[in-house]
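Asks: Starting off with a structure, shown below.
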Protein chains: 2
Amino acid sequence: MANIKQKIRLDYNNMMSEAIGEQGFTKKDFAAVEDRVDFAVNYFNEKAGTGFMGWTKLHDEQDAIVADIITAANEVRANFKNFVVLGIGGSALGPTSVFQALCHMRHNEITATRRKGAPKFYVEDNVDPERMIALLQTISLKDTCFNVITKSGSTSETMTQYLVIKNELEKAGLDPKTHIITTTSANSGNLIKISQAEGYKTFYIPDGVGGRFSELCPVGLLPAAVLGIDIAGLLEGAKFMYELCTQSENNSNMALTAAKLQYIAMNKGKNISVMMPYADGLKYISDWYSQLWGESLGKNKLMDGTPCNMGQTPVKALGVTDQHSQIQLYAEGPFDKVITFIAVDKYRKKVVIPQGCDEFPNVNFLCGHTMNELIVAERNATEYAVTKAGKLNHTIFLPVINEFTIGQLLMFFELKTAYCGFMLNIDPFDQPGVEEGKNATYALLGRPGYEEKQRELNAGNKKYKKYMM
Amino acid sequence: MANIKQKIRLDYNNMMSEAIGEQGFTKKDFAAVEDRVDFAVNYFNEKAGTGFMGWTKLHDEQDAIVADIITAANEVRANFKNFVVLGIGGSALGPTSVFQALCHMRHNEITATRRKGAPKFYVEDNVDPERMIALLQTISLKDTCFNVITKSGSTSETMTQYLVIKNELEKAGLDPKTHIITTTSANSGNLIKISQAEGYKTFYIPDGVGGRFSELCPVGLLPAAVLGIDIAGLLEGAKFMYELCTQSENNSNMALTAAKLQYIAMNKGKNISVMMPYADGLKYISDWYSQLWGESLGKNKLMDGTPCNMGQTPVKALGVTDQHSQIQLYAEGPFDKVITFIAVDKYRKKVVIPQGCDEFPNVNFLCGHTMNELIVAERNATEYAVTKAGKLNHTIFLPVINEFTIGQLLMFFELKTAYCGFMLNIDPFDQPGVEEGKNATYALLGRPGYEEKQRELNAGNKKYKKYMM
């Protein structure tokens with residue numbers, strides 16, 4: 001099934017008044033946003049490939065890089081038992097979500113043979129000391145290749161992990177440059193300078209590609225290739241979706257339609273976007289989407305500088321699991337969310353539910369069905385229940401989970417996010433709101449030049465501490 | 001540090017106008033809800049231990065059960081290399097969150113010696129056929145004990161997993177009753193009958209304990225004991241928090257205060273509750289909380305039957321990781337959420353950030369600090385940034401992560417949820433909204449007695465399918 005090359009599909013019937021009644025959308029709602037939709041399309045076409053929209057070229061301009069990545073990946077596979085990504089944000093969420101979707105669900109616990117020679121895989125995206133020690137207790141350094149990923153080269157978390165690992169390698173008498181591959185900007189930052197000084201093999205993150213749009217550049221492609229994932233297939237899927245959405249009429253532009261639906265919902269005050277795939281393999285696609293959607297649209301000023309407090313909060317859910325956790329709220333709670341189900345037409349495995357419960361009719365009805373039928377029935381049943389409750393929901397269908405459909409899905413969400421950002425008239429590619437916290441961290445750790453901020457923090461902390469128990 | 005017995009703490013200064021300005025709470029806000037708070041306390045005291053509030057007695061009345069559990073757990077540890085929970089909802093989220101908090105972060109990948117003899121641990125809470133096959137490819141059945149957990153004994157997902165596993169055991173020539181332990185209601189449902197017929201060792205879920213309040217009954221205690229977790233310590237922590245909140249003045253009732261803060265926020269239209277622990281070990285506490293909070297408060301009628309659409313949507317975040325994913329939105333986005341940070345005073349491990357970056361001052365400032373200092377600085381910096389942005393936030397402090405503090409934390413959230421439900425005048429212990437989907441699933445799979453529902457579904461599906469692409 002790896003080579004099935006079918007289009008993913010969007011079913012948004014349950015966003016419409018015909019399906020859910022007064023909460024549903026009407027022709028009038030679509031007419032009211034036509035101008036913004038046209039603006040978004042034109043603005044997108046005008047800016048594509050420029051500035052921070054370099055990600056729109058990744059599926060077309062990387063043949064040489066892909067070849068280089070595959071060569072490096074094969075060397076890693078030949079020489080190492082473990083591959084560890086040191087990165088945070090997009091540098092971690094992209095590799096994790098593609099790994100979960102396209103590798104064995106117990107990758108690190110099965111035999112190397114069953115892994116088809118791929119190393120064990122770890123993504124370290126936190127600075128919890130307990131987690132760093134746990135990693136060091138689990139892997140043998142001499143068998144491990146580390147991929148340090150940070151575009152700026154000054155991400156405190158990633159550079160901290162790098163310093164700890166480099167030191168551990170040296171303490172173990174190992175040569176860092178044979179164990180470390182870096183992925184960073186070619187033109188700026190510390191990591192490129194460090195890489196040149198230390199002689200690390202380095203892959204480059206194009207200037208126009210921000211962290212949350214970087215999965216289809218070496219940030220995501222190297223880990224994927226090391227895992228044996230067909231990265232050309234990922235890019236082919238992305239290219240297919242990009243061309244479908246940009247080189248055809250708007251009525252086949254799935255990403256634009258999905259953006260428009262979300263934009264109308266936001267105008268109606270729906271401030272929550274639930275992402276609920278019905279496949280364990282797609283669980284971390286929700287995490288990747290949460291950064292893409294949250295960080296891109298969560299802004300406090302419009303493109304022209306007008307103050308606002310924009311954004312829709314992403315919520316991660318997993319079908320069927322969260323039917324027993326969140327569906328009670330989604331069905332009976334407020335009309336404040338849009339639910340996006342992700343469905344899979346054909347799972348990669350099939351399990352028959354055996355007989356053996358004849359005396360218990362309200363269990364026995366399951367027998368003879370397959371788990372495949374059960375998970376599909378539960379998705380349909382849940383869609384039916386939230387629709388009957390009048391809640392906005394729509395479904396993205398993957399014919400099967402493979403490189404081609406995952407490539408499409410990633411590009412679909414990236415395009416949807418860009419279009420929606422333009423409809424909202426905000427810049428979906430910056431993240432000024434994280435600077436305050438970064439600077440405060442620098443101040444608290446005594447980085448030179450942040451003394452003023454340090455005084456501000458100390459003052460703030462002393463001001464009030466009444467409400468504690 | 002396992003035996004440090006200190007109280008967890010609540011700091012809610014950043015919920016107040018003194019800290020965040022106009023979005024913050026004032027004395028007036030507290031005065032306005034006094035009646036509801038009094039009602040909640042009185043109603044709680046009146047109902048505690050009755051009906052579906054049997055969970056309030058778990059920390060007091062389980063000495064004999066704990067002894068039985070520890071005996072069974074030691075047998076499992078002596079005879080099996082793997083322990084697999086088959087359950088969904090509370091039957092999975094409780095065991096998972098306590099496991100993640102109190103066991104090694106790479107438990108299944110380290111040696112049995114480092115695991116102190118505990119078996120590998122798996123919680124299977126979905127019916128994705130790919131995941132079932134992955135599990136069967138990973139474990140050896142003869143070395144595996146399965147704990148089937150469902151109170152009703154008719155949960156389709158869990159009974160499906162049971163049927164598949166029982167069949168696999170028999171195919172492998174193994175005796176199911178030596179490999180299966182069940183946890184279910186003593187008085188009703190299929191699983192107790194099946195257990196008696198098959199001769200399975202069985203633990204009982206008390207009638208007054210619902211799934212999301214069941215972690216401190218055998219549902220959670222057996223898996224924890226098998227993993228070598230001090231379950232008496234968990235219960236001791238829960239008892240400590242329960243008595244602190246119910247046997248003292250309201251001004252030391254942390255759970256009541258936390259409920260009141262959330263209730264005021266909900267009245268002000270804050271429909272999102274973010275749970276953001278700064279420790280990988282606490283990551284799944286957010287998942288457990290999401291069910292507890294979402295399913296308990298997400299209701300469409302008040303206690304007197306008046307229609308409503310109540311509920312606050314839980315959002316899972318992890319510090320520092322999600323600073324690079326969600327903080328942009330939290331800082332600059334809408335004033336629609338309450339952020340709960342969970343802080344740890346003393347991590348169980350310490351990692352020094354070594355020297356080795358002298359030429360790069362904006363990395364070098366990290367050197368000589370510890371990862372412990374970094375993660376604490378980042379939490380303080382993030383708290384400072386969202387506070388400066390005027391966003392409602394408060395922090396729960398754990399002196400250290402151990403059985404006593406986790407027991408406190410679980411009870412704190414359970415009490416907070418019950419109090420808040422009573423303030424909202426809804427029933428926090430039922431989940432009628434999941435019935436519609438369950439019945440639809442039965443209908444789709446042809447369960448006898450659901451023919452009418454099946455006709456309804458087919459009609460519904462045929463009605464409209466215009467909006468697809």
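Letters A, B, ... mark the chains of the structure tokens in the order given; residue numbers begin at 1 per chain; ligand numbers begin at 1, in order shown.
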Near A:Met411, counting only C-alpha atoms, which residues have an atom at most 9 Å away, once you skip same-chain residues fewer than 4 positions from it, shown as a list of chain:residue names?

Replies: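 Near A:Met411, the qualifying residues are A:Thr56, A:Leu216, A:Gly237, A:Ala238, A:Lys239, A:Met241, A:Tyr242, A:Ala255, A:Ile406, A:Gly407, A:Leu415, A:Lys416.
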
Asks: Could you list, with a cut-off of 8 Å and counting only C-alpha atoms, the residues of stretch 112-150 of chain A near stretch 333-357 of chain B, each shown with its nearest atom pair and the distance in Å rounded to one decimal, rows sorted by chain and ascending number, as CSV?

Replies:
```
residue,atom,partner,partner_atom,distance
A:Pro129,CA,B:Val351,CA,5.6
A:Glu130,CA,B:Lys349,CA,5.2
A:Met132,CA,B:Val351,CA,7.8
A:Ile133,CA,B:Lys349,CA,7.2
```

Asks: Please, could you write that set of residues out with N, CA, C and O atoms as a PDB file, in the first residue's frame?

Replies:
```pdb
ATOM      1  N   PRO A 129      16.000  17.744  33.289  1.00  0.00           N
ATOM      2  CA  PRO A 129      17.212  16.956  33.578  1.00  0.00           C
ATOM      3  C   PRO A 129      16.909  15.466  33.754  1.00  0.00           C
ATOM      4  O   PRO A 129      17.738  14.626  33.400  1.00  0.00           O
ATOM      5  N   GLU A 130      15.712  15.148  34.270  1.00  0.00           N
ATOM      6  CA  GLU A 130      15.362  13.731  34.446  1.00  0.00           C
ATOM      7  C   GLU A 130      15.309  13.021  33.100  1.00  0.00           C
ATOM      8  O   GLU A 130      15.708  11.870  32.967  1.00  0.00           O
ATOM      9  N   MET A 132      17.021  13.931  30.310  1.00  0.00           N
ATOM     10  CA  MET A 132      18.366  13.798  29.748  1.00  0.00           C
ATOM     11  C   MET A 132      19.088  12.608  30.371  1.00  0.00           C
ATOM     12  O   MET A 132      19.704  11.795  29.662  1.00  0.00           O
ATOM     13  N   ILE A 133      18.974  12.470  31.689  1.00  0.00           N
ATOM     14  CA  ILE A 133      19.612  11.324  32.357  1.00  0.00           C
ATOM     15  C   ILE A 133      18.994  10.019  31.857  1.00  0.00           C
ATOM     16  O   ILE A 133      19.702   9.050  31.577  1.00  0.00           O
TER      17      ILE A 133
END
```

Asks: Which of stretch 55-99 of chain A counts as alpha helix (DSSP H) under DSSP, as an MDAnalysis selection string please?

Replies: chainID A and resid 63:79 90:99

Asks: What is the atom CA of B:Gly87 to atom CA of B:Val148 distance in Å?

Replies: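 Going from atom CA of B:Gly87 over to atom CA of B:Val148 covers 6.3 Å.
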
Asks: Name the residues in contact with A:Val66 at a cut-off of 8 Å, using only C-alpha atoms, excluding same-chain residues fewer than 6 positions from it; report them as a list in words.

Replies: Leu221, Ile231 and Ala232 of chain A

Asks: Pick out the closest residue to chain B from this set: A:Gly460, A:Gly305, A:Gly281, A:Gly298. Count only C-alpha atoms.

Replies: A:Gly298

Asks: From a DSSP pass on the backbone, collect the residues of stretch 289-435 of chain A flagged as strand (DSSP E or B) and hand them back as a VMD selection string.

Replies: chain A and resid 301 307 313 to 316 337 to 344 352 370 393 to 398

Asks: Go ahead and write the residues just picked, N, CA, C and O atoms, as an mmCIF file, in the first residue's frame.

Replies:
```cif
data_model
loop_
_atom_site.group_PDB
_atom_site.id
_atom_site.type_symbol
_atom_site.label_atom_id
_atom_site.label_comp_id
_atom_site.auth_asym_id
_atom_site.auth_seq_id
_atom_site.Cartn_x
_atom_site.Cartn_y
_atom_site.Cartn_z
ATOM 1 N N LYS A 301 -1.396 41.747 16.557
ATOM 2 C CA LYS A 301 -1.588 42.895 15.655
ATOM 3 C C LYS A 301 -1.832 42.427 14.218
ATOM 4 O O LYS A 301 -1.344 41.378 13.798
ATOM 5 N N PRO A 307 -3.789 46.867 16.665
ATOM 6 C CA PRO A 307 -3.818 45.869 17.750
ATOM 7 C C PRO A 307 -5.009 44.925 17.636
ATOM 8 O O PRO A 307 -6.097 45.326 17.191
ATOM 9 N N THR A 313 -7.449 28.319 19.443
ATOM 10 C CA THR A 313 -6.620 27.399 20.222
ATOM 11 C C THR A 313 -6.782 25.969 19.721
ATOM 12 O O THR A 313 -7.888 25.435 19.704
ATOM 13 N N PRO A 314 -5.659 25.337 19.304
ATOM 14 C CA PRO A 314 -5.718 23.956 18.833
ATOM 15 C C PRO A 314 -5.845 22.982 20.013
ATOM 16 O O PRO A 314 -5.244 23.198 21.063
ATOM 17 N N VAL A 315 -6.634 21.957 19.819
ATOM 18 C CA VAL A 315 -6.806 20.908 20.824
ATOM 19 C C VAL A 315 -6.521 19.566 20.158
ATOM 20 O O VAL A 315 -7.037 19.278 19.081
ATOM 21 N N LYS A 316 -5.673 18.752 20.821
ATOM 22 C CA LYS A 316 -5.305 17.441 20.287
ATOM 23 C C LYS A 316 -6.236 16.379 20.850
ATOM 24 O O LYS A 316 -6.417 16.291 22.061
ATOM 25 N N LYS A 337 -16.405 25.306 19.227
ATOM 26 C CA LYS A 337 -15.287 24.627 18.561
ATOM 27 C C LYS A 337 -15.646 24.096 17.181
ATOM 28 O O LYS A 337 -16.813 23.886 16.860
ATOM 29 N N VAL A 338 -14.597 23.892 16.395
ATOM 30 C CA VAL A 338 -14.703 23.190 15.117
ATOM 31 C C VAL A 338 -13.901 21.902 15.260
ATOM 32 O O VAL A 338 -12.726 21.943 15.633
ATOM 33 N N ILE A 339 -14.528 20.771 15.004
ATOM 34 C CA ILE A 339 -13.840 19.487 15.100
ATOM 35 C C ILE A 339 -13.390 19.044 13.711
ATOM 36 O O ILE A 339 -14.176 19.042 12.767
ATOM 37 N N THR A 340 -12.109 18.724 13.566
ATOM 38 C CA THR A 340 -11.587 18.145 12.335
ATOM 39 C C THR A 340 -11.258 16.681 12.593
ATOM 40 O O THR A 340 -10.342 16.377 13.362
ATOM 41 N N PHE A 341 -12.049 15.796 12.013
ATOM 42 C CA PHE A 341 -11.729 14.379 12.092
ATOM 43 C C PHE A 341 -10.768 14.033 10.957
ATOM 44 O O PHE A 341 -10.853 14.603 9.873
ATOM 45 N N ILE A 342 -9.820 13.136 11.214
ATOM 46 C CA ILE A 342 -9.017 12.577 10.123
ATOM 47 C C ILE A 342 -9.342 11.088 10.049
ATOM 48 O O ILE A 342 -9.198 10.356 11.032
ATOM 49 N N ALA A 343 -9.842 10.680 8.893
ATOM 50 C CA ALA A 343 -10.257 9.295 8.688
ATOM 51 C C ALA A 343 -9.264 8.577 7.781
ATOM 52 O O ALA A 343 -8.580 9.209 6.982
ATOM 53 N N VAL A 344 -9.178 7.269 7.936
ATOM 54 C CA VAL A 344 -8.333 6.433 7.077
ATOM 55 C C VAL A 344 -9.237 5.408 6.399
ATOM 56 O O VAL A 344 -9.983 4.697 7.067
ATOM 57 N N VAL A 352 -9.247 -9.565 12.845
ATOM 58 C CA VAL A 352 -10.600 -10.100 13.006
ATOM 59 C C VAL A 352 -10.907 -10.240 14.501
ATOM 60 O O VAL A 352 -10.044 -10.637 15.287
ATOM 61 N N THR A 370 -14.313 -6.988 12.147
ATOM 62 C CA THR A 370 -12.882 -6.726 12.295
ATOM 63 C C THR A 370 -12.696 -5.461 13.144
ATOM 64 O O THR A 370 -13.617 -4.638 13.262
ATOM 65 N N ASN A 393 -18.364 20.213 12.408
ATOM 66 C CA ASN A 393 -17.296 19.222 12.220
ATOM 67 C C ASN A 393 -17.117 18.913 10.743
ATOM 68 O O ASN A 393 -18.038 19.074 9.944
ATOM 69 N N HIS A 394 -15.921 18.523 10.390
ATOM 70 C CA HIS A 394 -15.622 18.097 9.020
ATOM 71 C C HIS A 394 -14.541 17.023 9.077
ATOM 72 O O HIS A 394 -13.919 16.823 10.125
ATOM 73 N N THR A 395 -14.363 16.328 7.969
ATOM 74 C CA THR A 395 -13.470 15.167 7.963
ATOM 75 C C THR A 395 -12.510 15.201 6.785
ATOM 76 O O THR A 395 -12.918 15.496 5.661
ATOM 77 N N ILE A 396 -11.233 14.924 7.073
ATOM 78 C CA ILE A 396 -10.223 14.742 6.031
ATOM 79 C C ILE A 396 -9.998 13.240 5.897
ATOM 80 O O ILE A 396 -9.751 12.554 6.891
ATOM 81 N N PHE A 397 -10.137 12.725 4.667
ATOM 82 C CA PHE A 397 -9.970 11.288 4.429
ATOM 83 C C PHE A 397 -8.607 11.005 3.814
ATOM 84 O O PHE A 397 -8.242 11.610 2.801
ATOM 85 N N LEU A 398 -7.851 10.090 4.432
ATOM 86 C CA LEU A 398 -6.631 9.559 3.817
ATOM 87 C C LEU A 398 -6.962 8.188 3.234
ATOM 88 O O LEU A 398 -7.419 7.310 3.972
#
```

Asks: If we count only C-alpha atoms and set the cut-off at 10 Å, which residues sit around B:Gln137, ignoring sequence neighbours fewer than 6 positions away in its own chain? Please answer as a list in words.

Replies: His104, Arg106, Glu109, Ile110, Thr111 and Arg114 of chain A; Arg131 of chain B

Asks: Taking a cut-off of 7 Å and counting only C-alpha atoms, can you build a table that, for each residue of stretch 229-320 of chain B near stretch 421-425 of chain B, reports the nearest atom pair and how far apart they are in Å (one decimal), sorted by chain then residue number, as a tab-separated table?

Replies:
```
residue	atom	partner	partner_atom	distance
B:Leu297	CA	B:Gly421	CA	5.9
B:Leu302	CA	B:Asn425	CA	5.7
B:Met303	CA	B:Asn425	CA	5.8
```

Asks: Would you mind exporting the chosen residues as a tab-separated table (two decimals), in the first residue's frame, restricted to N, CA and C atoms?

Replies:
```
chain	number	residue	atom	x	y	z
B	297	LEU	N	-17.47	18.35	33.51
B	297	LEU	CA	-18.13	19.66	33.45
B	297	LEU	C	-18.82	19.93	32.12
B	302	LEU	N	-28.57	21.45	33.63
B	302	LEU	CA	-28.26	21.68	35.05
B	302	LEU	C	-28.87	20.56	35.89
B	303	MET	N	-28.53	20.53	37.16
B	303	MET	CA	-29.05	19.47	38.04
B	303	MET	C	-30.57	19.43	38.03
```

Asks: Considering only C-alpha atoms, return as a list of chain:residue names whatever protein or nucleic-acid residues lie within 9 Å of A:Tyr204, sequence-local ones (same chain, fewer than 5 positions apart) excluded.

Replies: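 Everything that qualifies: A:Lys151, A:Thr182, A:Thr183, A:Thr184, A:Ser185, A:Ala186, A:Ile192, A:Cys217, A:Pro218, A:Val219.
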
Asks: Grab the residues selected above and save them as a short mmCIF file (atom, residue, chain, number, x, y, z; two decimals), in the first residue's frame with C-alpha atoms.

Replies:
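What landed in result30.cif:
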```cif
data_model
loop_
_atom_site.label_atom_id
_atom_site.label_comp_id
_atom_site.auth_asym_id
_atom_site.auth_seq_id
_atom_site.Cartn_x
_atom_site.Cartn_y
_atom_site.Cartn_z
CA LYS A 151 17.93 27.43 12.55
CA THR A 182 23.89 19.64 12.48
CA THR A 183 20.96 21.21 10.64
CA THR A 184 20.95 25.00 10.71
CA SER A 185 21.00 28.22 8.72
CA ALA A 186 23.88 28.50 6.26
CA ILE A 192 26.94 27.11 11.58
CA CYS A 217 13.40 20.65 4.29
CA PRO A 218 16.44 18.83 5.79
CA VAL A 219 15.00 19.39 9.29
#
```
